[in-house]
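Participant: Quick one: this structure, given as structure tokens, is what I'll be asking you about.
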Amino acid sequence: MAEKEEQLQSLDELAAEGDEMEAAAAGVGFDEIEALRAERDDFRDKFMRALADAENTRKRADRDRREAEDYGGSKLARDLLPVYDNMRRALDAAKEGEQEVPEALLEGIQLTMRELLNVFKKHGIEPISPEVGDKFDPQMHQAMFEAPVPGTKAGDIIQVAAEGFMLHDRLLRPAQVGVSSTVA
């Protein structure tokens, strides 16, 4: 192949000089030169396509690797959300409860909750914490019920049942809310 390429280059040089007599003397016909040029162009085209395909494969693998790093743990994260919910309920019950909760137990739950939130943050998991009175957003919230509440507008959040979570830029779990159906 390299020999054909060298031969074609020397023939191109001869043709560029307009010396067809020397090309004929070299024992190569015009048809053979055209065949070699066509073969060269075909190989160049195949090479460029293979190069583009390799580049596309590299980019796709890089994108897949980044996506696996960012979202590969989403199933585990989703499985940990009930743990977060239960700890949040335990803290809320301890603060509102009539029974006295040992201070050491309450402090342990708070420390564990803080550590869980730090781990979430480290891995790109951010809570979605809507407030009562915020506007319902179907992209971030899941309406658990609707109820007419005086003094509110339709679509206002009237209760937050559970926080939602984002994993980087993807919704891991929508916030579960109650929505006002009051018509003004």
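Ordering of the structure tokens sets the chain letters (A, B, ...); residue numbers start at 1 within each chain; ligands are numbered from 1 in the order shown.
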I'd like the contact shell of Pro174 (chain A) - 7 Å cut-off, only C-alpha atoms, skipping same-chain residues fewer than 2 positions apart - returned as a VMD selection string.

Facilitator: chain A and resid 140 to 142 164 to 165 171 to 172 176

Participant: Let's have the selection written as a PDB file, in the first residue's frame, with N, CA and C atoms.

Facilitator:
ATOM      1  N   MET A 140     -41.773  19.716  40.839  1.00  0.00           N
ATOM      2  CA  MET A 140     -41.039  19.481  42.079  1.00  0.00           C
ATOM      3  C   MET A 140     -41.901  18.915  43.205  1.00  0.00           C
ATOM      4  N   HIS A 141     -43.212  19.025  43.061  1.00  0.00           N
ATOM      5  CA  HIS A 141     -44.125  18.621  44.136  1.00  0.00           C
ATOM      6  C   HIS A 141     -45.108  17.559  43.647  1.00  0.00           C
ATOM      7  N   GLN A 142     -45.548  16.747  44.585  1.00  0.00           N
ATOM      8  CA  GLN A 142     -46.596  15.753  44.320  1.00  0.00           C
ATOM      9  C   GLN A 142     -47.760  16.104  45.238  1.00  0.00           C
ATOM     10  N   GLY A 164     -38.976  16.668  49.460  1.00  0.00           N
ATOM     11  CA  GLY A 164     -38.511  16.030  48.242  1.00  0.00           C
ATOM     12  C   GLY A 164     -37.001  16.133  48.160  1.00  0.00           C
ATOM     13  N   PHE A 165     -36.421  15.493  47.169  1.00  0.00           N
ATOM     14  CA  PHE A 165     -34.966  15.521  47.011  1.00  0.00           C
ATOM     15  C   PHE A 165     -34.574  15.546  45.547  1.00  0.00           C
ATOM     16  N   LEU A 171     -34.735  15.000  39.581  1.00  0.00           N
ATOM     17  CA  LEU A 171     -35.638  14.825  40.710  1.00  0.00           C
ATOM     18  C   LEU A 171     -35.532  13.386  41.215  1.00  0.00           C
ATOM     19  N   LEU A 172     -35.150  13.247  42.479  1.00  0.00           N
ATOM     20  CA  LEU A 172     -35.049  11.924  43.089  1.00  0.00           C
ATOM     21  C   LEU A 172     -36.402  11.531  43.670  1.00  0.00           C
ATOM     22  N   GLN A 176     -43.957  15.899  48.909  1.00  0.00           N
ATOM     23  CA  GLN A 176     -45.359  15.507  49.012  1.00  0.00           C
ATOM     24  C   GLN A 176     -46.096  16.589  49.798  1.00  0.00           C
TER      25      GLN A 176
END

Participant: Skip Gly72 (chain A) itself and residues of its chain fewer than 5 positions away, then list as a PDB file with all heavy atoms, in the first residue's frame all residues within 12 Å of it, counting only C-alpha atoms.

Facilitator:
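Below is the file out-v6.pdb, written as the result:
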ATOM      1  N   ASP A  64     -21.024   8.753  29.406  1.00  0.00           N
ATOM      2  CA  ASP A  64     -21.583   7.635  30.182  1.00  0.00           C
ATOM      3  C   ASP A  64     -20.872   7.488  31.525  1.00  0.00           C
ATOM      4  O   ASP A  64     -21.514   7.208  32.544  1.00  0.00           O
ATOM      5  CB  ASP A  64     -21.487   6.328  29.393  1.00  0.00           C
ATOM      6  CG  ASP A  64     -22.428   6.280  28.208  1.00  0.00           C
ATOM      7  OD1 ASP A  64     -23.323   7.148  28.108  1.00  0.00           O
ATOM      8  OD2 ASP A  64     -22.252   5.378  27.354  1.00  0.00           O
ATOM      9  N   ARG A  65     -19.566   7.694  31.535  1.00  0.00           N
ATOM     10  CA  ARG A  65     -18.802   7.589  32.777  1.00  0.00           C
ATOM     11  C   ARG A  65     -19.228   8.679  33.753  1.00  0.00           C
ATOM     12  O   ARG A  65     -19.474   8.413  34.937  1.00  0.00           O
ATOM     13  CB  ARG A  65     -17.301   7.698  32.495  1.00  0.00           C
ATOM     14  CG  ARG A  65     -16.431   7.620  33.748  1.00  0.00           C
ATOM     15  CD  ARG A  65     -14.977   8.003  33.485  1.00  0.00           C
ATOM     16  NE  ARG A  65     -14.814   9.280  32.834  1.00  0.00           N
ATOM     17  CZ  ARG A  65     -14.929  10.476  33.445  1.00  0.00           C
ATOM     18  NH1 ARG A  65     -15.230  10.527  34.718  1.00  0.00           N
ATOM     19  NH2 ARG A  65     -14.760  11.595  32.775  1.00  0.00           N
ATOM     20  N   ARG A  66     -19.342   9.927  33.258  1.00  0.00           N
ATOM     21  CA  ARG A  66     -19.780  11.030  34.124  1.00  0.00           C
ATOM     22  C   ARG A  66     -21.189  10.779  34.657  1.00  0.00           C
ATOM     23  O   ARG A  66     -21.472  11.020  35.832  1.00  0.00           O
ATOM     24  CB  ARG A  66     -19.747  12.357  33.363  1.00  0.00           C
ATOM     25  CG  ARG A  66     -18.389  12.992  33.269  1.00  0.00           C
ATOM     26  CD  ARG A  66     -18.465  14.438  32.788  1.00  0.00           C
ATOM     27  NE  ARG A  66     -19.387  14.661  31.697  1.00  0.00           N
ATOM     28  CZ  ARG A  66     -19.093  14.558  30.402  1.00  0.00           C
ATOM     29  NH1 ARG A  66     -17.882  14.224  30.043  1.00  0.00           N
ATOM     30  NH2 ARG A  66     -20.005  14.788  29.475  1.00  0.00           N
ATOM     31  N   GLU A  67     -22.069  10.292  33.804  1.00  0.00           N
ATOM     32  CA  GLU A  67     -23.439  10.021  34.228  1.00  0.00           C
ATOM     33  C   GLU A  67     -23.481   8.910  35.278  1.00  0.00           C
ATOM     34  O   GLU A  67     -24.234   8.993  36.251  1.00  0.00           O
ATOM     35  CB  GLU A  67     -24.298   9.644  33.018  1.00  0.00           C
ATOM     36  CG  GLU A  67     -25.766   9.679  33.330  1.00  0.00           C
ATOM     37  CD  GLU A  67     -26.621   9.622  32.081  1.00  0.00           C
ATOM     38  OE1 GLU A  67     -26.556  10.559  31.280  1.00  0.00           O
ATOM     39  OE2 GLU A  67     -27.344   8.623  31.938  1.00  0.00           O
ATOM     40  N   ALA A  77     -29.681   5.994  47.083  1.00  0.00           N
ATOM     41  CA  ALA A  77     -30.171   7.251  47.654  1.00  0.00           C
ATOM     42  C   ALA A  77     -31.675   7.188  47.880  1.00  0.00           C
ATOM     43  O   ALA A  77     -32.169   7.605  48.935  1.00  0.00           O
ATOM     44  CB  ALA A  77     -29.818   8.419  46.728  1.00  0.00           C
ATOM     45  N   ARG A  78     -32.413   6.664  46.915  1.00  0.00           N
ATOM     46  CA  ARG A  78     -33.865   6.542  47.046  1.00  0.00           C
ATOM     47  C   ARG A  78     -34.222   5.631  48.218  1.00  0.00           C
ATOM     48  O   ARG A  78     -35.193   5.876  48.937  1.00  0.00           O
ATOM     49  CB  ARG A  78     -34.450   6.001  45.739  1.00  0.00           C
ATOM     50  CG  ARG A  78     -35.714   6.693  45.333  1.00  0.00           C
ATOM     51  CD  ARG A  78     -36.250   6.259  43.991  1.00  0.00           C
ATOM     52  NE  ARG A  78     -35.774   7.155  42.950  1.00  0.00           N
ATOM     53  CZ  ARG A  78     -34.941   6.818  41.970  1.00  0.00           C
ATOM     54  NH1 ARG A  78     -34.496   5.607  41.870  1.00  0.00           N
ATOM     55  NH2 ARG A  78     -34.579   7.704  41.075  1.00  0.00           N
ATOM     56  N   HIS A 123     -22.783  13.810  48.125  1.00  0.00           N
ATOM     57  CA  HIS A 123     -23.102  13.038  46.920  1.00  0.00           C
ATOM     58  C   HIS A 123     -24.113  13.739  46.006  1.00  0.00           C
ATOM     59  O   HIS A 123     -24.672  13.115  45.109  1.00  0.00           O
ATOM     60  CB  HIS A 123     -23.589  11.641  47.317  1.00  0.00           C
ATOM     61  CG  HIS A 123     -22.505  10.819  47.925  1.00  0.00           C
ATOM     62  ND1 HIS A 123     -21.546  10.181  47.183  1.00  0.00           N
ATOM     63  CD2 HIS A 123     -22.199  10.570  49.221  1.00  0.00           C
ATOM     64  CE1 HIS A 123     -20.701   9.561  47.983  1.00  0.00           C
ATOM     65  NE2 HIS A 123     -21.079   9.789  49.234  1.00  0.00           N
ATOM     66  N   GLY A 124     -24.343  15.025  46.239  1.00  0.00           N
ATOM     67  CA  GLY A 124     -25.186  15.805  45.337  1.00  0.00           C
ATOM     68  C   GLY A 124     -26.676  15.672  45.574  1.00  0.00           C
ATOM     69  O   GLY A 124     -27.470  15.990  44.688  1.00  0.00           O
ATOM     70  N   LEU A 167     -31.217  14.880  42.980  1.00  0.00           N
ATOM     71  CA  LEU A 167     -29.889  14.280  42.845  1.00  0.00           C
ATOM     72  C   LEU A 167     -29.243  15.025  41.696  1.00  0.00           C
ATOM     73  O   LEU A 167     -29.606  14.831  40.534  1.00  0.00           O
ATOM     74  CB  LEU A 167     -29.981  12.781  42.560  1.00  0.00           C
ATOM     75  CG  LEU A 167     -28.662  12.050  42.325  1.00  0.00           C
ATOM     76  CD1 LEU A 167     -27.747  12.191  43.536  1.00  0.00           C
ATOM     77  CD2 LEU A 167     -28.907  10.590  42.017  1.00  0.00           C
ATOM     78  N   HIS A 168     -28.323  15.920  42.018  1.00  0.00           N
ATOM     79  CA  HIS A 168     -27.724  16.859  41.059  1.00  0.00           C
ATOM     80  C   HIS A 168     -28.851  17.636  40.395  1.00  0.00           C
ATOM     81  O   HIS A 168     -29.513  18.410  41.055  1.00  0.00           O
ATOM     82  CB  HIS A 168     -26.807  16.146  40.072  1.00  0.00           C
ATOM     83  CG  HIS A 168     -25.652  15.461  40.747  1.00  0.00           C
ATOM     84  ND1 HIS A 168     -24.599  16.152  41.291  1.00  0.00           N
ATOM     85  CD2 HIS A 168     -25.407  14.154  40.988  1.00  0.00           C
ATOM     86  CE1 HIS A 168     -23.745  15.301  41.843  1.00  0.00           C
ATOM     87  NE2 HIS A 168     -24.208  14.078  41.673  1.00  0.00           N
TER      88      HIS A 168
END

Participant: CA of Pro130 (chain A) and CA of Glu163 (chain A), how far apart in Å?

Facilitator: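 Interatomic distance, CA of Glu163 (chain A) to CA of Pro130 (chain A): 7.4 Å.
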
Participant: Measure the distance from CA of Val119 (chain A) to CA of Gly73 (chain A) in Å and round it to one decimal.

Facilitator: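 One can read the CA of Val119 (chain A) to CA of Gly73 (chain A) distance as 12.3 Å.
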
Participant: Among region 40-172 of chain A, which residues does DSSP mark as strand (DSSP E or B) when it is run on the backbone? Keep the chain and numbering as in the structure and answer as a list in words.

Facilitator: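 These are the residues in question: Ile125, Glu126, Pro127, Ile128, Lys135, His141, Gln142, Ala143, Met144, Phe145, Glu146, Ala147, Asp156, Ile157, Ile158, Gln159, Val160, Ala161, Ala162, Gly164, Phe165, Met166, Leu167, Arg170, Leu171 and Leu172 of chain A.
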
Participant: Kindly give the distance, in Å, that separates CA of Leu105 (chain A) and CA of Ala161 (chain A), rounded to a single decimal.

Facilitator: 24.6 Å

Participant: Pick the closest to Thr112 (chain A) from A:Leu91, A:Asp42, A:Ala175, A:Pro82: which is it, counting only C-alpha atoms?

Facilitator: A:Leu91

Participant: DSSP on the backbone: which residues in chain A end up as helix (DSSP H, G or I)? Give the answer as an MDAnalysis selection string.

Facilitator: chainID A and resid 2:16 20:25 30:71 74:96 103:122

Participant: List as a list in words the protein and nucleic acid residues near Ser180 (chain A), meaning an atom at most 10 Å away when only C-alpha atoms are counted, but skip any in the same chain fewer than 6 places from it.

Facilitator: Gly133, Lys135, Phe136, Ala143, Phe145, Glu146, Ala147, Pro148, Val149, Pro150, Gly151, Thr152, Lys153, Ala154, Gly155, Asp156, Ile157, Ile158 and Gln159 of chain A

Participant: Just the selected residues (C-alpha atoms), exported as a PDB file, in the first residue's frame, please.

Facilitator:
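And here is the file that came out, again.pdb:
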ATOM      1  CA  GLY A 133     -48.061  29.275  51.167  1.00  0.00           C
ATOM      2  CA  LYS A 135     -47.052  27.934  44.860  1.00  0.00           C
ATOM      3  CA  PHE A 136     -47.513  24.283  43.821  1.00  0.00           C
ATOM      4  CA  ALA A 143     -50.105  16.735  45.444  1.00  0.00           C
ATOM      5  CA  PHE A 145     -54.633  15.900  48.559  1.00  0.00           C
ATOM      6  CA  GLU A 146     -56.619  19.018  47.747  1.00  0.00           C
ATOM      7  CA  ALA A 147     -58.739  20.907  50.236  1.00  0.00           C
ATOM      8  CA  PRO A 148     -60.518  24.263  50.288  1.00  0.00           C
ATOM      9  CA  VAL A 149     -58.826  26.453  52.881  1.00  0.00           C
ATOM     10  CA  PRO A 150     -60.136  29.983  53.513  1.00  0.00           C
ATOM     11  CA  GLY A 151     -57.563  32.713  52.985  1.00  0.00           C
ATOM     12  CA  THR A 152     -55.592  30.803  50.344  1.00  0.00           C
ATOM     13  CA  LYS A 153     -55.601  30.728  46.552  1.00  0.00           C
ATOM     14  CA  ALA A 154     -56.021  27.634  44.423  1.00  0.00           C
ATOM     15  CA  GLY A 155     -52.628  26.026  43.913  1.00  0.00           C
ATOM     16  CA  ASP A 156     -51.093  27.217  47.178  1.00  0.00           C
ATOM     17  CA  ILE A 157     -49.354  24.645  49.363  1.00  0.00           C
ATOM     18  CA  ILE A 158     -51.306  24.216  52.591  1.00  0.00           C
ATOM     19  CA  GLN A 159     -49.351  21.326  54.142  1.00  0.00           C
TER      20      GLN A 159
END

Participant: Which of these residues is nearest to Ser129 (chain A), using only C-alpha atoms: A:Arg44, A:Arg63, A:Arg49, A:Arg173?

Facilitator: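 Among the listed residues, A:Arg173 lies closest to Ser129 (chain A).
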